[in-house]
Amino acid sequence: MNDFWKRFSRNRSAVLGFMILMLVVFIASIASFIYPDDPFSLAGKPMSEPGQNGFLLGSDSLGRDVASGIAHGAKTSLLIGLIATLAAVFIGVIFGALAGYYGGRTDNILMRITEVFQTIPSFVFAILLVAILKPSINSIVIAITVVSWPGVARLVRGEFLALKNREFVQACHTLGMSDRRIMLAEILPNCLSPIIVIGSLMVATAILIESGLAFLGLGDPNIMSWGFQIGAGRTMLRSAWWICTFPGIAILITVLAINLVGEGLNDALNPRLRERN
Amino acid sequence: MTDKLLTISNLDITLPEGSERALAVENLSVDLAPGETLCIVGESGSGKSLTARALMGLLPAPHVRVSQGVIDFCGEDLTKVTERRLREIRGSEISMVFQEPMTALNPVMTVGSQIDEIFRFHADMSAQQRRQRAIELLADVQLPDPKQIVSAYPHELSGGQRQRAMIAMALALEPKILIADEPTTALDVTTQAQILKLISDMQAVHKTAVLFITHDFGVVADIADRVAVMQYGRVVETGSVDKVLNHPEHPYTQALIASVPSLTPRPPRARSEDIVLETKDLQKTFGGGKSFFGFGQPNRIVHAVKDVTVELRRGETLGIVGESGSGKSTLARCIIRLLDSDSGKIMIGNVDLRTLNRAEMRPWRAKIQMVFQDPFASLNPRIKVGQIIAQGPIIQGASREEAEARARELLGIVGLDERAFNRFPHEFSGGQRQRIGIARALALNPEILVADEPVSALDVSIQAQILKLLDEIRERMNLSMLFITHDLRVAAQVCDRLAVMRYGEIVETGATGEIFDAPQHSYTRDLLAAVPGQNWDRQTNV
Amino acid sequence: MNRSSKILRYVGKRLLQGIPIILAIVVMNFLLLNMAEGDAVDVLAGEAGSATPEYMAEMRAKFGLDQPLPVQLAVYLKNVISLDLGYSFRHDMPVTKLIVDRFWPTLLLMVSTITLAVSFGILLGVFAAVNLNTWKDALISVFALITYATPLFWVGLMMIILFSIKNDWFPTSGMENIGAFYEGFDRVKDIAHHLVLPTITLSLFYLALYTRMMRASMLEQYGQDYVVTARAKGLTERRITFVHVLRNALLPVVTMVGVQVGALIGGSVIVESVFAWPGLGMLAFESLFARDLNLLLGIFLLSSALVVVVNLIVDVIYCFLDPRIEVN
């Protein structure tokens with residue numbers, strides 16, 4: 001663990017990303033304390049510029065506080081990103097592990113299914129799913145999960161395919177070990193690093209998808225999110241630039257930070273790749 | 001001296017900080033005369049390959065670099081010349097052949113265009129002339145149908161053919177020096193013999209000096225005029241091939257040469273009557289399946305194991321020898337039921353293992369165990385050594401305490417410290433890992449051990465130790481062994497009997513001594529004839 | 001058999017392989033349609049304000065909605081095969097016709113985006129790799145990192161603020177100035193003028209992606225054995241980079257272009273709705289609010305088919321670039 005942190009911290013931008021990410025997490029966790037009121041509620045004079053009328057980042061046409069929205073939206077983004085990624089990784093690992101380990105017909109069937117899901121334009125599919133299931137936090141998580149798992153499945157399948165022919169796995173067969181134990185205790189621990197890396201990058205993608213959905217008006221109507229703020233503010237683009245600008249910066253910084261952490265993890269967990277650069 | 005083409009003196013090559021040692025090569029001095037072959041021989045990590053790269057200015061800068069010394073090439077110091085001058089020299093005056101013919105050529109350019117580049121950069125020739133010359137060169141290295149090969153891509157050639165193309169490329173401008181960095185290590189023994197002959201033929205025609213890097217003393221004996229032996233970055237001994245190979249002075253050289261297995265088979269032992277394992281008409285094919293939706297033609301069928309019938313008697317070691325692709329590893333994996341074979345029988349006593357399902361097979365696993373080739377891939381990097389060894393008995397029903405006690409005992413038997421128990425595999429060297437692999441196989445007290453090239457990834461001195469360990473264990477536990485190898489020297493020292501495989505078939509079986517003395521099949525004769533360093537063996541053994 | 005006829009056969013085979021994928025998507029489409037709350041008749045009834053249950057049952061019978069699911073699926077499949085994607089009650093037009101009308105603007109946007117993103121991405125990636133660990137490399141990497149993390153719609157809005165509101169350089173929306181009735185070359189110029197901001201917006205993300213990939217791919221190829229061979233032949237670094245490394249490094253990037261087409265279509269939904277570009281994405285956005293599921297599913301189906309076709313094209317291009325691919 002110490003060793004890992006040493007390698008991770010060698011990448012300075014990754015450490016910066018980690019610090020920013022911790023800040024975002026911090027803001028999300030204290031959002032209800034600093035802005036105890038509902039972020040949808042009228043908090044003061046509409047269309048206030050940043051700094052005016054007690055609004056740090058201004059207010060929108062309905063007098064909602066942009067800063068409060070950003071703080072509460074952080075919670076939404078992080079939560080949806082995390083849950084959807086966990087679910088996608090779970091499904092992807094199962095699909096990929098079974099396909100890669102058993103090969104042959106199983107692999108063929110599972111990979112055909114994966115291929116169908118990969119062919120479908122993912123964002124359009126996500127829109128469709130949310131539209132059909134009615135916008136809610138559940139349907140958004142489901143939609144993001146459904147469009148994200150094929151990537152994990154492909155990765156895990158590749159890893160399992162390569163590792164199952166490694167001699168240490170063959171040795172387990174010669175000892176009479178069960179398939180389940182070989183998959184879970186022998187192979188899976190050896191492909192955790194790439195799964196962690198792809199997972200961290202997927203959180204970033206999930207946040208982007210969520211904001212896109214919310215921007216198009218497919219967010220949960222009861223939950224504040226950055227994409228919703230931008231979507232609501234776009235009609236006031238000429239008169240109130242701040243409504244769209246600040247939530248966008250929040251998305252940018254968060255996604256950037258997660259990507260930096262992901263790259264740092266990649267460097268720290270796959271040291272071989274780093275040597276080349 | 002003026003008659004020397006190349007004089008390296010006091011060369012130091014530094015490694016990046018944090019490496020195992022500060023200098024990859026230390027105070028190295030060797031020289032090379034025109035038309036001479038100098039072999040630099042050493043085990044992995046001795047610095048021999050970096051020395052070769054340093055000559056060409058091809059060290060992986062900036063981390064690895066020459067920090068001291070002179071490389072005098074015809075009066076020029078190659079450590080001091082400009083990059084531009086170095087480029088002029090590379091390919092035209094000094095050229096190089098590499099170890100891996102599979103990766104050393106650009107996969108998306110034709111062989112012809114890769115030869116063509118040399119002329120474009122170093123000679124003033126028209127496109128027509130260049131092409132003509134490329135075809136001539138390919139003909140010179142005895143490639144069949146050079147007109148076709150000139151426009152072929154590397155993946156369309158076999159390993160041996162690629163290495164010939166590399167040699168053609170290296171000799172294109174008749175360089176003064178040819179550096180060959182383990183050029184035959186990745187090749188089969190018969191191909192190796194051809195490539196070695198080609199290099200010495202070309203050398204005779206072009207009067208090229210050859211700097212030959214190798215780890216194989218047999219190869220040294222066949223081609224070297226002079227030898228330099230390297231250990232930990234230093235040259236420990238130099239001299240004529242006769243002096244170094246037959247009268248080595250330095251203890252390291254003596255030890256290395258003593259580790260080289262002799263080609264004279266070990267004395268035969270009495271054969272038991274008791275058959276512990278036999279296969280009858282075993283068959284294994286790969287491919288032949290159709291794609292998922294049944295489109296297109298079925299894949300090509302490869303007959304990896306064809307009608308193989310062998311028997312293994314108690315206490316005996318049966319060697320399965322053959323070149324890559326002969327099916328010897330597939331056969332081993334079929335016998336141990338890592339692969340399902342198509343038909344035939346695998347008999348232990350009255351039981352046909354081939355027909356058992358996984359659950360039925362489980363109790364038999366304890367009887368037949370395997371030692372693998374790659375000491376790095378054969379141990380799970382995430383599991384502690386003690387657990388790796390104890391796993392088998394636990395699966396087979398032993399209690400954890402019993403299994404762990406057995407594991408500790410086995411660590412001692414294979415010559416490892418008991419503290420190894422709680423360490424991870426990456427903390428051990430290749431030879432030590434191979435010992436762990438052997439301990440794992442022994443943990444179930446097997447009767448039969450299948451060893452798949454157990455020493456071919458190891459340096460020759462470690463190889464000798466592991467072979468000795470296997471021999472001791474076989475005696476001690478009265479093991480019967482199936483020993484897969486491509487190395488006839490190893491086979492001569494380890495096996496009581498041999499089965500020679502080619503294209504999935506066994507072409508000849510018999511006692512090791514008989515096969516070495518009077519091979520019946522022409523392929524066996526070819527194999528034996530291709531083993532490098534035979535004359536040297538005869539000298540030392542007479 | 002020569003290579004080109006082999007490739008032709010390969011194309012045929014790949015087309016055949018594409019069919020089950022499309023089929024699976026059609027079936028999924030059908031299931032999604034059935035998952036949605038309320039059917040077409042409900043929508044119609046809602047439109048009309050009031051409808052008797054008898055009338056609705058009659059309508060259901062007319063549309064075949066009272067049939068068991070497998071029968072409905074068979075009918076749906078038959079319709080799709082004859083390119084009948086149903087009727088958009090909202091637009092009062094067959095879905096197929098609507099989609100075909102809106103397809104060309106989207107294609108224009110996508111082609112210009114891919115061209116821009118791929119060409120500049122490769123250029124920047126090579127440039128960064130050649131100048132590894134210099135300020136040029138750092139600058140490109142930072143640029144790529146930031147654009148890679150920016151949501152498309154936000155870029156679009158910021159573009160509008162910068163280039164349309166603050167400086168009136170480009171139009172904020174639409175594909176052409178309808179009122180001006182331009183013809184011939186003037187019309188082309190007008191469309192191009194409208195195309196600039198959407199294209200830049202949509203390409204930025206992919207530009208970043210290809211830049212990063214190309215850089216990584218170049219660096220990976222620099223580490224290969226054949227590069228050492230090339231150096232040992234005395235070639236210049238220039239030739240090694242542009243002849244040996246570049247060709248090999250391009251291969252994974254070409255594959256990526258195919259993989260990313262699906263994502264590009266998703267991106268065009270957002271960009272088109274930001275810039276009111278009258279393409280499929282905009283249509284999808286409109287149908288979303290009108291709850292016109294038939295139309296949405298039609299768009300979805302067509303975009304999936306488009307991905308299959310583009311992937312096929314990319315695979316064929318790949319065959320020509322990589323001699324190692326055995327096409328038979």
# chains A, B, ... in the order shown; residues from 1 in each chain; ligands from 1
>>> interface_residues(of="chain A", to="chain B", cutoff="7 Å", atoms="only C-alpha atoms", output="ChimeraX atom specification")
/A:108,166-168,170,173-177,190
>>> residues_around(residues="A:Leu133", least_positions_apart="6", cutoff="12 Å", atoms="only C-alpha atoms", output="short mmCIF file (atom, residue, chain, number, x, y, z; two decimals) with C-alpha atoms, in the first residue's frame")
data_model
loop_
_atom_site.label_atom_id
_atom_site.label_comp_id
_atom_site.auth_asym_id
_atom_site.auth_seq_id
_atom_site.Cartn_x
_atom_site.Cartn_y
_atom_site.Cartn_z
CA ALA A 126 -29.39 6.10 -22.73
CA ILE A 127 -31.82 8.83 -23.85
CA SER A 139 -33.74 5.15 -14.55
CA ILE A 140 -30.66 7.34 -15.05
CA VAL A 141 -28.46 4.92 -13.14
CA ILE A 142 -29.93 2.00 -15.09
CA ALA A 143 -29.40 3.74 -18.42
CA LEU A 218 -34.07 13.94 -18.77
CA GLY A 219 -32.84 14.47 -15.22
CA ASP A 220 -34.74 13.48 -12.12
CA LEU C 32 -38.61 -1.12 -25.51
CA LEU C 33 -41.66 0.09 -27.37
CA ASN C 34 -43.76 -2.37 -25.40
CA MET C 35 -42.11 -1.42 -22.14
CA ALA C 36 -43.20 2.17 -22.54
CA GLU C 37 -46.27 3.22 -20.66
CA GLY C 38 -49.23 3.46 -22.97
CA LEU C 293 -41.58 7.09 -29.27
#
>>> interface_residues(of="chain B", to="chain C", cutoff="10 Å", atoms="only C-alpha atoms", output="NGL selection string")
:B and (53 or 56-60 or 83-110 or 114-115 or 117-122 or 152-156 or 166 or 169-170 or 292-293 or 295-297)
>>> residues_around(residues="stretch 232-247 of chain A", least_positions_apart="5", cutoff="9 Å", atoms="only C-alpha atoms", output="PyMOL selection string")
(chain A and resi 47-50+57-61+66-67+69-70+73+215+217+225-227+252) or (chain C and resi 154+157-158+160-161+165+274)
>>> residues_around(residues="B:Leu138", least_positions_apart="3", cutoff="8 Å", atoms="only C-alpha atoms", output="ChimeraX atom specification")
/B:134-135,141-143,146,149-150,164-165,168
>>> atom_distance(atom1="atom CA of A:Val197", atom2="atom CA of C:Ala144")
18.9 Å
>>> closest_atom_pairs(of="chain C", to="chain A", cutoff="6 Å", atoms="only C-alpha atoms", output="tab-separated table")
residue	atom	partner	partner_atom	distance
C:Ile21	CA	A:Val116	CA	5.6
C:Ala36	CA	A:Ile132	CA	5.0
C:Ala149	CA	A:Leu256	CA	5.1
C:Thr150	CA	A:Leu252	CA	4.9
C:Trp154	CA	A:Gly248	CA	5.9
C:Gly262	CA	A:Pro121	CA	3.9
C:Ala263	CA	A:Pro121	CA	5.6
C:Gly266	CA	A:Phe123	CA	4.6
C:Ser304	CA	A:Ile120	CA	5.1
>>> write_last_selection(atoms="N, CA and C atoms", output="CSV table (one decimal), in the first residue's frame")
chain,number,residue,atom,x,y,z
C,21,ILE,N,-26.8,-8.6,-35.7
C,21,ILE,CA,-26.7,-7.5,-34.8
C,21,ILE,C,-27.9,-6.5,-35.0
C,36,ALA,N,-42.8,0.8,-22.8
C,36,ALA,CA,-43.2,2.2,-22.5
C,36,ALA,C,-44.6,2.2,-22.1
C,149,ALA,N,-12.3,16.4,-20.9
C,149,ALA,CA,-13.2,16.4,-19.7
C,149,ALA,C,-14.3,17.4,-19.8
C,150,THR,N,-14.5,18.0,-20.9
C,150,THR,CA,-15.5,19.1,-21.0
C,150,THR,C,-16.8,18.5,-21.6
C,154,TRP,N,-21.8,22.2,-23.0
C,154,TRP,CA,-21.2,23.4,-22.4
C,154,TRP,C,-20.3,24.1,-23.3
C,262,GLY,N,-20.4,5.5,-32.9
C,262,GLY,CA,-21.7,5.4,-32.1
C,262,GLY,C,-21.7,6.6,-31.1
C,263,ALA,N,-20.6,6.8,-30.4
C,263,ALA,CA,-20.5,7.9,-29.5
C,263,ALA,C,-20.7,9.3,-30.2
C,266,GLY,N,-24.3,10.0,-30.6
C,266,GLY,CA,-24.8,10.5,-29.3
C,266,GLY,C,-24.4,12.0,-29.2
C,304,SER,N,-28.0,3.0,-35.3
C,304,SER,CA,-27.4,1.7,-35.0
C,304,SER,C,-26.9,1.1,-36.4
>>> atom_distance(atom1="atom CA of B:Val70", atom2="atom CA of B:Thr253")
26.1 Å
>>> select_by_dssp(residues="stretch 8-162 of chain A", states="helix (DSSP H, G or I)", output="MDAnalysis selection string")
chainID A and resid 8:10 12:34 52:54 66:102 104:119 122:133 137:162
>>> atom_distance(atom1="atom CA of B:Thr190", atom2="atom CA of B:Leu528")
9.0 Å
>>> select_by_dssp(residues="stretch 19-111 of chain C", states="strand (DSSP E)", output="number ranges by chain")
C: 87-88, 93-94
>>> closest_atom_pairs(of="stretch 53-170 of chain A", to="stretch 16-29 of chain A", cutoff="10 Å", atoms="only C-alpha atoms", output="CSV")
residue,atom,partner,partner_atom,distance
A:Ile70,CA,A:Ala28,CA,8.8
A:Ala71,CA,A:Ala28,CA,5.7
A:His72,CA,A:Ala28,CA,6.3
A:Gly73,CA,A:Ala28,CA,7.7
A:Ala74,CA,A:Ala28,CA,5.1
A:Lys75,CA,A:Ala28,CA,4.7
A:Thr76,CA,A:Ala28,CA,8.4
A:Ser77,CA,A:Ala28,CA,9.3
A:Leu78,CA,A:Val25,CA,7.7
A:Leu79,CA,A:Ala28,CA,9.6
>>> residues_around(residues="stretch 207-221 of chain B", least_positions_apart="3", cutoff="9 Å", atoms="only C-alpha atoms", output="ChimeraX atom specification")
/B:5,32-44,48-49,52,171,174-185,193,196,199-200,202-204,224-227,241-242,245,256-257,260,459-460,531-537
>>> decode(residues="stretch 371-438 of chain B", atoms="C-alpha atoms", output="PDB file, in the first residue's frame")
ATOM      1  CA  VAL B 371       6.235 -28.905 -13.576  1.00  0.00           C
ATOM      2  CA  PHE B 372       5.951 -26.001 -15.975  1.00  0.00           C
ATOM      3  CA  GLN B 373       8.365 -24.178 -18.223  1.00  0.00           C
ATOM      4  CA  ASP B 374       8.127 -20.530 -17.358  1.00  0.00           C
ATOM      5  CA  PRO B 375       9.212 -19.804 -13.803  1.00  0.00           C
ATOM      6  CA  PHE B 376       7.581 -16.377 -14.015  1.00  0.00           C
ATOM      7  CA  ALA B 377       4.192 -17.388 -15.387  1.00  0.00           C
ATOM      8  CA  SER B 378       3.791 -20.583 -13.419  1.00  0.00           C
ATOM      9  CA  LEU B 379       3.323 -19.009  -9.983  1.00  0.00           C
ATOM     10  CA  ASN B 380       0.394 -16.746  -9.147  1.00  0.00           C
ATOM     11  CA  PRO B 381       1.973 -13.381  -8.299  1.00  0.00           C
ATOM     12  CA  ARG B 382      -0.775 -12.589  -5.772  1.00  0.00           C
ATOM     13  CA  ILE B 383      -0.479 -15.688  -3.623  1.00  0.00           C
ATOM     14  CA  LYS B 384       2.189 -16.413  -1.030  1.00  0.00           C
ATOM     15  CA  VAL B 385       4.602 -19.231  -1.721  1.00  0.00           C
ATOM     16  CA  GLY B 386       3.453 -21.307   1.252  1.00  0.00           C
ATOM     17  CA  GLN B 387      -0.150 -21.167   0.073  1.00  0.00           C
ATOM     18  CA  ILE B 388       0.828 -22.007  -3.491  1.00  0.00           C
ATOM     19  CA  ILE B 389       2.388 -25.237  -2.249  1.00  0.00           C
ATOM     20  CA  ALA B 390      -0.278 -26.033   0.368  1.00  0.00           C
ATOM     21  CA  GLN B 391      -3.196 -25.469  -2.036  1.00  0.00           C
ATOM     22  CA  GLY B 392      -2.979 -28.907  -3.631  1.00  0.00           C
ATOM     23  CA  PRO B 393      -3.251 -30.987  -0.461  1.00  0.00           C
ATOM     24  CA  ILE B 394      -6.049 -28.740   0.836  1.00  0.00           C
ATOM     25  CA  ILE B 395      -8.067 -29.254  -2.349  1.00  0.00           C
ATOM     26  CA  GLN B 396      -7.439 -32.967  -2.060  1.00  0.00           C
ATOM     27  CA  GLY B 397      -8.854 -32.998   1.465  1.00  0.00           C
ATOM     28  CA  ALA B 398      -5.936 -32.451   3.824  1.00  0.00           C
ATOM     29  CA  SER B 399      -6.401 -30.115   6.784  1.00  0.00           C
ATOM     30  CA  ARG B 400      -4.771 -26.707   6.620  1.00  0.00           C
ATOM     31  CA  GLU B 401      -2.240 -27.601   9.357  1.00  0.00           C
ATOM     32  CA  GLU B 402      -1.205 -30.809   7.633  1.00  0.00           C
ATOM     33  CA  ALA B 403      -0.889 -29.082   4.278  1.00  0.00           C
ATOM     34  CA  GLU B 404       1.159 -26.217   5.643  1.00  0.00           C
ATOM     35  CA  ALA B 405       3.458 -28.542   7.517  1.00  0.00           C
ATOM     36  CA  ARG B 406       3.945 -30.492   4.323  1.00  0.00           C
ATOM     37  CA  ALA B 407       4.654 -27.258   2.447  1.00  0.00           C
ATOM     38  CA  ARG B 408       7.350 -26.258   4.918  1.00  0.00           C
ATOM     39  CA  GLU B 409       8.913 -29.668   4.662  1.00  0.00           C
ATOM     40  CA  LEU B 410       8.890 -29.474   0.857  1.00  0.00           C
ATOM     41  CA  LEU B 411      10.574 -26.080   0.858  1.00  0.00           C
ATOM     42  CA  GLY B 412      13.466 -27.767   2.596  1.00  0.00           C
ATOM     43  CA  ILE B 413      13.467 -30.685   0.163  1.00  0.00           C
ATOM     44  CA  VAL B 414      13.730 -28.394  -2.852  1.00  0.00           C
ATOM     45  CA  GLY B 415      16.511 -26.437  -1.192  1.00  0.00           C
ATOM     46  CA  LEU B 416      14.713 -23.269  -0.129  1.00  0.00           C
ATOM     47  CA  ASP B 417      14.755 -21.521   3.208  1.00  0.00           C
ATOM     48  CA  GLU B 418      11.632 -22.006   5.324  1.00  0.00           C
ATOM     49  CA  ARG B 419      11.199 -18.240   5.428  1.00  0.00           C
ATOM     50  CA  ALA B 420      10.119 -18.469   1.797  1.00  0.00           C
ATOM     51  CA  PHE B 421       6.749 -19.650   3.121  1.00  0.00           C
ATOM     52  CA  ASN B 422       5.398 -16.157   3.737  1.00  0.00           C
ATOM     53  CA  ARG B 423       6.890 -14.426   0.741  1.00  0.00           C
ATOM     54  CA  PHE B 424       5.433 -13.626  -2.664  1.00  0.00           C
ATOM     55  CA  PRO B 425       6.839 -15.216  -5.833  1.00  0.00           C
ATOM     56  CA  HIS B 426       8.282 -11.973  -7.233  1.00  0.00           C
ATOM     57  CA  GLU B 427      10.840 -11.949  -4.426  1.00  0.00           C
ATOM     58  CA  PHE B 428      12.562 -15.005  -5.910  1.00  0.00           C
ATOM     59  CA  SER B 429      14.889 -15.601  -8.843  1.00  0.00           C
ATOM     60  CA  GLY B 430      13.980 -17.789 -11.813  1.00  0.00           C
ATOM     61  CA  GLY B 431      15.778 -20.839 -10.447  1.00  0.00           C
ATOM     62  CA  GLN B 432      14.185 -20.439  -7.012  1.00  0.00           C
ATOM     63  CA  ARG B 433      10.751 -20.087  -8.559  1.00  0.00           C
ATOM     64  CA  GLN B 434      11.292 -23.274 -10.474  1.00  0.00           C
ATOM     65  CA  ARG B 435      12.069 -24.948  -7.137  1.00  0.00           C
ATOM     66  CA  ILE B 436       8.776 -23.616  -5.766  1.00  0.00           C
ATOM     67  CA  GLY B 437       6.999 -25.024  -8.818  1.00  0.00           C
ATOM     68  CA  ILE B 438       8.574 -28.409  -8.177  1.00  0.00           C
TER      69      ILE B 438
END
